[in-house]
>>> print(open('final.csv').read())   # CSV, C-alpha atoms
chain,number,residue,atom,x,y,z
A,58,LYS,CA,6.8,-14.1,27.3
A,59,ILE,CA,5.7,-16.6,24.7
A,60,ILE,CA,8.4,-19.0,25.6
A,61,ALA,CA,7.6,-18.7,29.3
A,62,LYS,CA,3.9,-19.6,28.4
A,63,GLY,CA,5.1,-22.8,26.6
A,64,MET,CA,3.9,-21.7,23.2
A,65,SER,CA,7.3,-21.3,21.4
A,66,TYR,CA,10.7,-23.0,21.4
A,67,GLU,CA,14.3,-22.4,20.4
A,68,SER,CA,16.0,-24.3,17.7
A,69,ASN,CA,19.5,-23.7,16.4
A,70,GLY,CA,19.4,-20.1,17.5
A,71,SER,CA,16.0,-19.4,16.1
A,72,VAL,CA,12.7,-19.2,18.0
A,73,TYR,CA,9.5,-20.5,16.5
A,74,LEU,CA,5.9,-20.2,17.6
A,75,SER,CA,4.5,-23.7,18.1
A,76,ILE,CA,1.1,-23.8,16.5
A,77,ASP,CA,0.2,-27.1,18.2
A,78,ASP,CA,1.0,-25.6,21.7
A,79,PHE,CA,-0.8,-22.4,20.7
A,80,LYS,CA,-4.0,-24.4,19.9
A,81,THR,CA,-3.6,-26.6,23.1
A,82,ASN,CA,-3.7,-23.3,25.1
A,83,GLY,CA,-7.2,-22.6,23.7
A,84,HIS,CA,-6.3,-20.4,20.7
A,85,ASN,CA,-7.5,-20.7,17.1
A,86,TYR,CA,-5.0,-20.4,14.2
A,87,ARG,CA,-5.8,-19.1,10.8
A,88,LYS,CA,-8.8,-17.0,11.8
A,89,LEU,CA,-8.6,-14.8,8.8
A,90,SER,CA,-7.9,-17.3,6.1
A,91,PRO,CA,-8.9,-20.8,7.4
A,92,ALA,CA,-7.2,-23.7,5.8
A,93,ALA,CA,-9.3,-25.7,3.3
A,94,PRO,CA,-10.9,-28.9,4.8
A,95,ASP,CA,-8.7,-31.2,2.6
A,96,LYS,CA,-5.6,-29.7,4.2
A,97,SER,CA,-6.8,-30.8,7.7
A,98,GLY,CA,-5.8,-27.4,9.0
A,99,GLU,CA,-2.3,-27.8,7.8
A,100,THR,CA,-0.3,-25.0,6.1
A,101,THR,CA,1.1,-26.0,2.7
A,102,GLU,CA,4.8,-25.8,1.9
A,103,ALA,CA,4.1,-22.9,-0.6
A,104,GLU,CA,2.1,-21.0,2.1
A,105,MET,CA,4.9,-21.6,4.6
A,106,ALA,CA,7.5,-20.4,2.2
A,107,GLU,CA,5.5,-17.2,1.7
A,108,GLY,CA,5.1,-16.9,5.4
A,109,GLU,CA,8.8,-17.1,6.2
A,110,GLY,CA,9.9,-15.2,3.1
A,111,ALA,CA,13.5,-14.1,3.1
A,112,LEU,CA,13.8,-15.2,6.8
A,113,SER,CA,13.6,-18.9,5.8
A,114,SER,CA,16.7,-21.0,5.6
A,115,SER,CA,17.5,-24.1,3.6
A,116,ASP,CA,17.3,-26.2,6.8
A,117,GLY,CA,14.3,-24.4,8.2
A,118,GLY,CA,12.2,-27.5,7.9
A,119,LYS,CA,14.5,-29.5,10.0
A,120,GLU,CA,14.6,-26.8,12.7
A,121,LYS,CA,10.8,-26.7,13.2
A,122,ARG,CA,8.8,-29.3,15.0
A,123,SER,CA,5.9,-28.7,12.6
A,124,PRO,CA,5.7,-27.2,9.2
A,125,ASN,CA,3.0,-24.9,10.5
A,126,ASP,CA,5.3,-23.2,13.0
A,127,PHE,CA,6.7,-19.8,12.0
A,128,ALA,CA,9.7,-17.8,13.1
A,129,LEU,CA,9.5,-15.2,16.0
A,130,TRP,CA,13.3,-14.8,15.9
A,131,LYS,CA,15.6,-16.0,13.2
A,132,ALA,CA,19.3,-16.8,13.5
A,133,SER,CA,21.3,-14.8,11.0
A,134,LYS,CA,23.5,-16.3,8.5
A,135,SER,CA,27.0,-14.9,7.7
A,136,GLY,CA,26.8,-11.5,6.2
A,137,GLU,CA,23.2,-10.8,7.2
A,138,PRO,CA,22.1,-8.1,9.7
A,139,ALA,CA,22.2,-9.4,13.2
A,140,TRP,CA,21.4,-8.3,16.8
A,141,ASP,CA,22.5,-10.0,20.0
A,142,SER,CA,19.8,-12.0,21.8
A,143,PRO,CA,19.6,-14.8,24.4
A,144,TRP,CA,19.7,-17.3,21.5
A,145,GLY,CA,22.6,-15.8,19.7
A,146,PRO,CA,22.9,-13.2,16.9
A,147,GLY,CA,19.8,-13.0,14.8
A,148,ARG,CA,16.9,-10.8,13.6
A,149,PRO,CA,13.2,-10.5,14.3
A,150,GLY,CA,10.7,-12.7,12.4
A,151,TRP,CA,8.8,-11.1,9.6
A,152,HIS,CA,5.6,-10.5,11.6
A,153,ILE,CA,7.2,-9.3,14.9
A,154,GLU,CA,7.6,-5.6,14.0
A,155,CYS,CA,3.9,-5.0,13.4
A,156,SER,CA,2.9,-6.7,16.7
A,157,VAL,CA,5.4,-4.8,18.7
A,158,VAL,CA,4.7,-1.3,17.2
A,159,ALA,CA,0.9,-1.7,17.2
A,160,SER,CA,0.8,-3.0,20.8
A,161,ASP,CA,3.3,-0.4,22.1
A,162,ILE,CA,1.3,2.5,20.6
A,163,LEU,CA,-2.3,1.3,20.7
A,164,GLY,CA,-2.3,-1.0,23.7
A,165,GLU,CA,-3.3,-4.6,24.2
A,166,THR,CA,-6.5,-4.4,22.0
A,167,LEU,CA,-6.8,-2.9,18.6
A,168,ASP,CA,-10.2,-1.9,17.3
A,169,ILE,CA,-9.5,-1.9,13.6
A,170,HIS,CA,-6.5,-3.4,11.7
A,171,SER,CA,-6.2,-2.8,7.9
A,172,GLY,CA,-4.2,-4.1,5.0
A,173,GLY,CA,-4.3,-5.6,1.5
A,174,GLU,CA,-6.2,-8.8,0.9
A,175,ASP,CA,-2.9,-10.6,0.2
A,176,LEU,CA,-1.9,-10.0,3.9
A,177,LYS,CA,-4.7,-12.1,5.4
A,178,PHE,CA,-2.4,-15.2,5.4
A,179,PRO,CA,0.2,-15.6,6.4
A,180,HIS,CA,1.1,-12.1,7.6
A,181,HIS,CA,-2.0,-11.1,9.6
A,182,ASP,CA,-2.8,-14.6,10.8
A,183,ASN,CA,0.7,-15.0,12.1
A,184,GLU,CA,0.8,-11.5,13.6
A,185,LEU,CA,-2.5,-12.2,15.3
A,186,ALA,CA,-1.3,-15.5,16.7
A,187,GLN,CA,2.0,-14.2,18.2
A,188,SER,CA,0.2,-11.2,19.7
A,189,GLU,CA,-2.5,-13.2,21.3
A,190,ALA,CA,0.1,-15.7,22.6
A,191,CYS,CA,2.1,-12.9,24.1
A,192,LEU,CA,-0.7,-10.7,25.5
A,193,GLY,CA,-2.7,-13.6,26.9
A,194,CYS,CA,-5.8,-13.0,24.8
A,195,GLY,CA,-8.3,-15.7,25.4
A,196,GLU,CA,-12.0,-16.1,26.0
A,197,GLY,CA,-13.8,-12.8,25.9
A,198,ARG,CA,-10.8,-10.8,24.6
A,199,GLN,CA,-9.0,-10.7,21.3
A,200,TRP,CA,-6.1,-8.7,20.0
A,201,VAL,CA,-8.0,-7.2,17.1
A,202,ASN,CA,-11.7,-6.6,16.9
A,203,TYR,CA,-12.1,-6.0,13.2
A,204,PHE,CA,-9.8,-6.6,10.2
A,205,THR,CA,-10.5,-4.8,6.9
A,206,HIS,CA,-8.7,-6.1,3.8
A,207,THR,CA,-8.8,-4.0,0.6
A,208,GLY,CA,-8.8,-5.4,-2.9
A,209,HIS,CA,-5.9,-5.0,-5.2
A,210,LEU,CA,-5.7,-2.4,-7.9
A,211,HIS,CA,-6.0,-3.7,-11.4
A,212,ILE,CA,-5.0,-1.8,-14.5
A,213,GLU,CA,-7.3,-2.5,-17.5
A,214,GLY,CA,-8.4,-5.7,-15.8
A,215,LEU,CA,-4.9,-7.0,-14.8
A,216,LYS,CA,-3.5,-6.8,-11.3
A,217,MET,CA,-1.0,-4.0,-11.2
A,218,SER,CA,2.5,-5.4,-11.1
A,219,LYS,CA,6.0,-4.2,-12.1
A,220,SER,CA,6.6,-7.6,-13.7
A,221,LEU,CA,3.6,-7.0,-16.1
A,222,LYS,CA,4.9,-3.4,-16.7
A,223,ASN,CA,1.5,-2.0,-16.0
A,224,PHE,CA,2.6,-0.1,-12.9
A,225,ILE,CA,1.3,3.4,-12.5
A,226,THR,CA,2.1,5.9,-9.7
A,227,ILE,CA,-0.3,8.3,-8.1
A,228,ARG,CA,1.7,11.1,-9.6
A,229,GLN,CA,1.3,9.7,-13.1
A,230,ALA,CA,-2.4,9.2,-12.6
A,231,LEU,CA,-2.8,12.8,-11.6
A,232,GLU,CA,-1.2,14.0,-14.8
A,233,ASN,CA,-4.4,13.2,-16.7
A,234,ASN,CA,-7.0,13.1,-13.9
A,235,THR,CA,-7.9,15.2,-10.9
A,236,ALA,CA,-7.8,13.7,-7.5
A,237,ARG,CA,-11.5,14.2,-7.3
A,238,GLN,CA,-12.0,12.0,-10.4
A,239,LEU,CA,-9.8,9.3,-8.9
A,240,ARG,CA,-11.7,9.4,-5.6
A,241,ILE,CA,-15.0,9.1,-7.4
A,242,MET,CA,-13.7,6.2,-9.5
A,243,PHE,CA,-12.8,4.3,-6.3
A,244,LEU,CA,-16.1,5.2,-4.6
A,245,LEU,CA,-17.9,3.5,-7.6
A,246,GLN,CA,-16.2,0.2,-6.7
A,247,ALA,CA,-16.3,-2.1,-3.7
A,248,TRP,CA,-13.4,-1.4,-1.3
A,249,ASP,CA,-12.9,-5.0,-0.4
A,250,GLN,CA,-12.9,-6.3,-4.0
A,251,PRO,CA,-10.3,-5.8,-6.8
A,252,MET,CA,-10.5,-2.2,-8.1
A,253,ASN,CA,-10.0,-1.5,-11.8
A,254,TYR,CA,-8.3,1.6,-13.1
A,255,SER,CA,-9.1,1.8,-16.8
A,256,ASP,CA,-10.3,4.2,-19.5
A,257,GLN,CA,-13.8,2.9,-18.9
A,258,THR,CA,-13.8,3.4,-15.1
A,259,ILE,CA,-12.2,6.8,-15.2
A,260,ASP,CA,-14.6,8.0,-18.0
A,261,ASP,CA,-17.5,6.9,-15.8
A,262,ALA,CA,-16.0,8.9,-12.9
A,263,ARG,CA,-15.6,11.9,-15.1
A,264,ALA,CA,-19.2,11.6,-16.4
A,265,LYS,CA,-20.6,11.5,-12.9
A,266,GLU,CA,-18.4,14.4,-11.8
A,267,SER,CA,-19.8,16.4,-14.7
A,268,THR,CA,-23.4,15.4,-13.7
A,269,LEU,CA,-22.7,16.6,-10.2
A,270,LYS,CA,-21.2,19.9,-11.3
A,271,SER,CA,-24.1,20.6,-13.7
A,272,PHE,CA,-26.7,19.9,-10.9
A,273,PHE,CA,-24.8,22.1,-8.4
A,274,ARG,CA,-24.6,24.9,-10.9
A,275,GLU,CA,-28.3,24.8,-11.8
A,276,VAL,CA,-29.2,25.0,-8.1
A,277,GLU,CA,-26.7,27.7,-7.6
A,278,ALA,CA,-28.2,29.7,-10.5
A,279,LEU,CA,-31.7,29.4,-8.9
A,280,ASN,CA,-30.3,30.5,-5.6
A,281,ARG,CA,-28.7,33.6,-7.1
A,282,GLY,CA,-32.2,35.0,-7.9
A,283,ASP,CA,-34.4,36.9,-5.5
A,284,TYR,CA,-36.6,33.8,-4.9
A,285,LEU,CA,-37.7,34.9,-1.4
A,286,SER,CA,-39.6,37.8,-3.0
A,287,GLU,CA,-41.9,35.3,-4.6
A,288,GLU,CA,-44.2,32.6,-3.2
A,289,VAL,CA,-42.1,30.1,-1.3
A,290,GLY,CA,-43.1,26.5,-1.0
A,291,TRP,CA,-44.6,23.8,-3.2
A,292,ARG,CA,-46.2,25.4,-6.3
A,293,MET,CA,-46.2,22.3,-8.3
A,294,PRO,CA,-47.7,19.8,-5.8
A,295,GLU,CA,-47.3,16.6,-7.8
A,296,ALA,CA,-43.8,17.3,-9.1
A,297,ASP,CA,-42.6,18.7,-5.8
A,298,ARG,CA,-43.9,15.7,-3.9
A,299,LYS,CA,-42.2,13.3,-6.2
A,300,LEU,CA,-38.9,15.2,-5.8
A,301,SER,CA,-39.3,15.3,-2.0
A,302,GLU,CA,-39.9,11.6,-1.9
A,303,ALA,CA,-36.7,11.0,-4.0
A,304,TYR,CA,-34.9,13.1,-1.4
A,305,LEU,CA,-36.1,10.9,1.4
A,306,VAL,CA,-35.2,7.8,-0.5
A,307,VAL,CA,-31.6,8.9,-1.2
A,308,GLN,CA,-31.0,9.7,2.5
A,309,GLN,CA,-32.3,6.3,3.6
A,310,THR,CA,-30.4,4.4,0.8
A,311,VAL,CA,-27.1,6.1,1.5
A,312,HIS,CA,-27.5,5.4,5.2
A,313,ASP,CA,-28.3,1.8,4.6
A,314,SER,CA,-25.5,1.4,2.1
A,315,LEU,CA,-22.9,2.7,4.4
A,316,LEU,CA,-24.1,0.4,7.1
A,317,ASP,CA,-23.7,-2.5,4.7
A,318,ASN,CA,-19.9,-2.9,4.6
A,319,PHE,CA,-19.3,0.7,3.6
A,320,ASN,CA,-21.0,0.2,0.3
A,321,THR,CA,-20.1,3.5,-1.4
A,322,ARG,CA,-21.0,2.1,-4.8
A,323,ASP,CA,-24.7,1.9,-3.9
A,324,ALA,CA,-24.5,5.2,-2.0
A,325,MET,CA,-23.1,6.9,-5.1
A,326,SER,CA,-25.7,5.3,-7.3
A,327,ALA,CA,-28.5,6.6,-5.0
A,328,ILE,CA,-27.0,10.1,-5.2
A,329,MET,CA,-26.9,10.0,-9.0
A,330,ASP,CA,-30.6,8.8,-8.9
A,331,VAL,CA,-31.8,11.8,-7.0
A,332,ILE,CA,-29.8,14.1,-9.3
A,333,SER,CA,-31.6,12.4,-12.2
A,334,GLU,CA,-34.9,13.1,-10.5
A,335,GLY,CA,-33.8,16.7,-9.9
A,336,ASN,CA,-32.9,17.2,-13.6
A,337,ILE,CA,-36.3,15.8,-14.7
A,338,TYR,CA,-37.9,18.2,-12.2
A,339,LEU,CA,-36.0,21.2,-13.6
A,340,ARG,CA,-37.2,20.4,-17.1
A,341,THR,CA,-40.8,20.5,-16.0
A,342,PRO,CA,-42.9,22.8,-18.3
A,343,ASP,CA,-44.0,26.0,-16.6
A,344,LEU,CA,-41.4,25.4,-13.9
A,345,LYS,CA,-42.1,27.0,-10.5
A,346,PRO,CA,-39.2,25.4,-8.6
A,347,ALA,CA,-39.2,24.7,-4.9
A,348,ILE,CA,-35.8,26.2,-4.6
A,349,LEU,CA,-35.4,25.5,-0.9
A,350,LEU,CA,-36.0,21.7,-1.6
A,351,LEU,CA,-33.5,21.7,-4.4
A,352,ARG,CA,-31.0,23.5,-2.1
A,353,SER,CA,-31.6,21.0,0.6
A,354,ILE,CA,-30.8,18.1,-1.8
A,355,ALA,CA,-27.6,19.9,-3.0
A,356,VAL,CA,-26.5,20.5,0.6
A,357,TYR,CA,-27.1,16.9,1.5
A,358,ILE,CA,-25.2,15.6,-1.5
A,359,THR,CA,-22.3,17.9,-0.6
A,360,GLN,CA,-22.2,16.8,3.0
A,361,ILE,CA,-22.0,13.1,1.9
A,362,LEU,CA,-19.3,13.9,-0.7
A,363,LYS,CA,-17.3,15.8,2.0
A,364,VAL,CA,-17.4,12.6,4.2
A,365,PHE,CA,-16.2,10.7,1.1
A,366,GLY,CA,-13.3,13.1,0.6
A,367,VAL,CA,-14.5,14.2,-2.7
A,368,ILE,CA,-15.3,17.8,-1.6
A,369,ASP,CA,-13.4,20.1,0.7
A,370,GLY,CA,-14.0,23.7,1.7
A,371,SER,CA,-16.7,25.4,3.6
A,372,ASP,CA,-19.3,26.1,0.9
A,373,ASP,CA,-22.8,25.0,1.7
A,374,PHE,CA,-23.0,23.0,-1.5
A,375,GLY,CA,-21.1,22.4,-4.7
A,376,PHE,CA,-17.4,21.8,-5.4
A,377,GLY,CA,-16.3,25.3,-4.6
A,378,SER,CA,-13.0,26.4,-6.1
A,379,GLY,CA,-11.8,22.9,-6.4
A,380,SER,CA,-8.3,23.9,-5.2
A,381,GLY,CA,-8.0,20.9,-2.9
A,382,ALA,CA,-9.4,18.4,-5.3
A,383,ALA,CA,-7.3,18.8,-8.5
A,384,GLY,CA,-4.3,16.9,-9.6
A,385,VAL,CA,-1.0,18.4,-10.8
A,386,GLY,CA,-1.8,18.5,-14.5
A,387,ALA,CA,-5.5,18.6,-14.5
A,388,ALA,CA,-5.8,21.3,-11.8
A,389,ASN,CA,-4.7,24.2,-14.0
A,390,ALA,CA,-7.1,23.3,-16.8
A,391,GLU,CA,-10.0,22.9,-14.5
A,392,ALA,CA,-9.4,26.2,-12.7
A,393,ALA,CA,-8.9,28.1,-15.9
A,394,SER,CA,-12.1,26.8,-17.4
A,395,GLU,CA,-14.3,27.5,-14.3
A,396,PRO,CA,-15.2,31.1,-15.1
A,397,TYR,CA,-16.2,30.3,-18.7
A,398,ILE,CA,-18.3,27.3,-17.6
A,399,GLU,CA,-20.1,29.5,-15.0
A,400,THR,CA,-20.9,32.0,-17.7
A,401,LEU,CA,-22.2,29.4,-20.1
A,402,VAL,CA,-24.4,27.9,-17.3
A,403,SER,CA,-25.8,31.3,-16.6
A,404,PHE,CA,-26.4,32.0,-20.3
A,405,ARG,CA,-28.1,28.6,-20.7
A,406,GLU,CA,-30.4,29.4,-17.8
A,407,GLN,CA,-31.4,32.7,-19.4
A,408,VAL,CA,-32.1,31.0,-22.7
A,409,ARG,CA,-34.2,28.4,-21.0
A,410,ASN,CA,-36.2,30.9,-19.1
A,411,ALA,CA,-36.7,33.0,-22.2
A,412,ALA,CA,-37.9,29.9,-24.1
A,413,LEU,CA,-40.4,29.0,-21.4
A,414,GLU,CA,-41.8,32.6,-21.4
A,415,ALA,CA,-42.1,32.5,-25.2
A,416,ALA,CA,-43.9,29.2,-25.0
A,417,LYS,CA,-46.4,30.7,-22.6
A,418,GLY,CA,-47.1,33.6,-24.9
A,419,GLY,CA,-47.5,31.3,-27.9
A,420,ASP,CA,-44.5,33.0,-29.8
>>> encode(input="final.csv", output="structure tokens")
Amino acid sequence: KIIAKGMSYESNGSVYLSIDDFKTNGHNYRKLSPAAPDKSGETTEAEMAEGEGALSSSDGGKEKRSPNDFALWKASKSGEPAWDSPWGPGRPGWHIECSVVASDILGETLDIHSGGEDLKFPHHDNELAQSEACLGCGEGRQWVNYFTHTGHLHIEGLKMSKSLKNFITIRQALENNTARQLRIMFLLQAWDQPMNYSDQTIDDARAKESTLKSFFREVEALNRGDYLSEEVGWRMPEADRKLSEAYLVVQQTVHDSLLDNFNTRDAMSAIMDVISEGNIYLRTPDLKPAILLLRSIAVYITQILKVFGVIDGSDDFGFGSGSGAAGVGAANAEAASEPYIETLVSFREQVRNAALEAAKGGD
């Protein structure tokens, strides 16, 4: 189809997309990673070598009309895999497979296309060009509506690479951390920027997980009591109003943050802020807690964390049993410690209440 439309050509058994003809037909090239002005829109030799990869040949430059052109079909050399074609034995160009599979399954327009930031150019730009040339995408229609490119994973500040011997597998990461802790760690970083896996970032995730657990347990302890037998509502107007306002703020901030390029980092920060307000509230002298308000906050936080994949299960709030969130090595330790932690939280609550009562009586 692309040859018939005059946007590609055969050369020595290979077929190349002609970038000049592609542009002449009203298309734009390098949409995702535009060439710098000093390149005059030209692709450098280094970029072209990366684009062709193992499909390039020593005389590839002589075969192509322009260094910007890239292979749709590559003639195979002796000993290489080959399939018969109208141009002789060869194999698909590097980018063809993605265009063919995606269009065959999803149709002529994709809403969202994802990948690592290193794939912007040449892979995704070339994939986009050949697909739009084939499908006739033009004014008013494009092959992909939105591209999302994730940042690379860095280990202690350095890009993860086998050559640097700082490569870590998910299985290895789960030996010392739970899946929940890893998810929180990634939520605390921008998805489209380099992500850092380090002692500092994982410790931060663990600290926030601990804060979440503590808050959930305190609210759960309050909900265990027969609070409906007492006066329900705001019995500490100033403190209750302040906590209620913090609840409204977190809902709006999380909503705005997720609309802003899926900014989970700010969303998580807002969640931790309302928990901080909740903890201050729970330490108020002569506490008469608005338990339903605290429960609403805990339920809201749980709902958001379920959306983020941090919490599973059907509990109204809290981490539940945690069976779906633990890693291989850390899971057993977490599950084994859960009953003891619950007991300690309950005991701490009793001591706190006793201390408050003693303070009232002047003892």
>>> atom_distance(input="final.csv", atom1="atom CA of Ala128 of chain A", atom2="atom CA of Leu74 of chain A")
6.4 Å
>>> residues_near_point(input="final.csv", point="(-6.4, -1.9, 12.7)", cutoff="8 Å", atoms="all atoms listed in the file", output="ChimeraX atom specification")
/A:167-171,201,203-205
>>> write_last_selection(input="final.csv", atoms="C-alpha atoms", output="PDB file, keeping the file's coordinate frame")
ATOM      1  CA  LEU A 167      -6.800  -2.900  18.600  1.00  0.00           C
ATOM      2  CA  ASP A 168     -10.200  -1.900  17.300  1.00  0.00           C
ATOM      3  CA  ILE A 169      -9.500  -1.900  13.600  1.00  0.00           C
ATOM      4  CA  HIS A 170      -6.500  -3.400  11.700  1.00  0.00           C
ATOM      5  CA  SER A 171      -6.200  -2.800   7.900  1.00  0.00           C
ATOM      6  CA  VAL A 201      -8.000  -7.200  17.100  1.00  0.00           C
ATOM      7  CA  TYR A 203     -12.100  -6.000  13.200  1.00  0.00           C
ATOM      8  CA  PHE A 204      -9.800  -6.600  10.200  1.00  0.00           C
ATOM      9  CA  THR A 205     -10.500  -4.800   6.900  1.00  0.00           C
TER      10      THR A 205
END
>>> closest_residue(input="final.csv", among="A:Leu285, A:Met217, A:Leu210, A:Ile76", to="Gly63 of chain A", atoms="only C-alpha atoms")
A:Ile76
>>> closest_residue(input="final.csv", among="A:Asp260, A:Asp297, A:Glu67, A:Asp182", to="Lys88 of chain A", atoms="all atoms listed in the file")
A:Asp182
>>> closest_residue(input="final.csv", among="A:Ile225, A:Gln308, A:Val276, A:Gln187", to="Asn85 of chain A", atoms="all atoms listed in the file")
A:Gln187
>>> atom_distance(input="final.csv", atom1="atom CA of Gln257 of chain A", atom2="atom CA of Phe243 of chain A")
12.7 Å
>>> atom_distance(input="final.csv", atom1="atom CA of Phe272 of chain A", atom2="atom CA of Ile337 of chain A")
11.1 Å
>>> closest_residue(input="final.csv", among="A:Gly70, A:Ile212, A:Thr268, A:Thr166", to="Pro149 of chain A", atoms="only C-alpha atoms")
A:Gly70
>>> closest_residue(input="final.csv", among="A:Met293, A:Leu245, A:Ala411, A:Ile259", to="Met329 of chain A", atoms="all atoms listed in the file")
A:Leu245
>>> closest_residue(input="final.csv", among="A:Cys155, A:Ile361, A:Leu129, A:Leu279", to="Val307 of chain A", atoms="all atoms listed in the file")
A:Ile361
>>> residues_around(input="final.csv", residues="Ser353 of chain A", least_positions_apart="3", cutoff="12 Å", atoms="only C-alpha atoms", output="list in words")
Phe273, Val276, Glu277, Asn280, Leu300, Ser301, Tyr304, Leu305, Gln308, Val331, Gly335, Ala347, Ile348, Leu349, Leu350, Val356, Tyr357, Ile358, Thr359, Gln360, Asp373, Phe374 and Gly375 of chain A
>>> residues_around(input="final.csv", residues="Arg322 of chain A", least_positions_apart="4", cutoff="12 Å", atoms="all atoms listed in the file", output="ChimeraX atom specification")
/A:240-250,252,262,310-311,313-315,317-318,326-329,365
>>> residues_around(input="final.csv", residues="His206 of chain A", least_positions_apart="3", cutoff="6 Å", atoms="only C-alpha atoms", output="compact mmCIF listing (two decimals) with C-alpha atoms, keeping the file's coordinate frame")
# COMPACT_ATOMS: atom_id res chain seq x y z
CA SER A 171 -6.20 -2.80 7.90
CA GLY A 172 -4.20 -4.10 5.00
CA GLY A 173 -4.30 -5.60 1.50
CA GLU A 174 -6.20 -8.80 0.90
>>> residues_near_point(input="final.csv", point="(-44.8, 23.1, -11.1)", cutoff="7 Å", atoms="all atoms listed in the file", output="PDB file with C-alpha atoms, in the frame of the given file")
ATOM      1  CA  ARG A 292     -46.200  25.400  -6.300  1.00  0.00           C
ATOM      2  CA  MET A 293     -46.200  22.300  -8.300  1.00  0.00           C
ATOM      3  CA  PRO A 294     -47.700  19.800  -5.800  1.00  0.00           C
ATOM      4  CA  ALA A 296     -43.800  17.300  -9.100  1.00  0.00           C
ATOM      5  CA  THR A 341     -40.800  20.500 -16.000  1.00  0.00           C
ATOM      6  CA  ASP A 343     -44.000  26.000 -16.600  1.00  0.00           C
ATOM      7  CA  LEU A 344     -41.400  25.400 -13.900  1.00  0.00           C
ATOM      8  CA  LYS A 345     -42.100  27.000 -10.500  1.00  0.00           C
ATOM      9  CA  PRO A 346     -39.200  25.400  -8.600  1.00  0.00           C
TER      10      PRO A 346
END
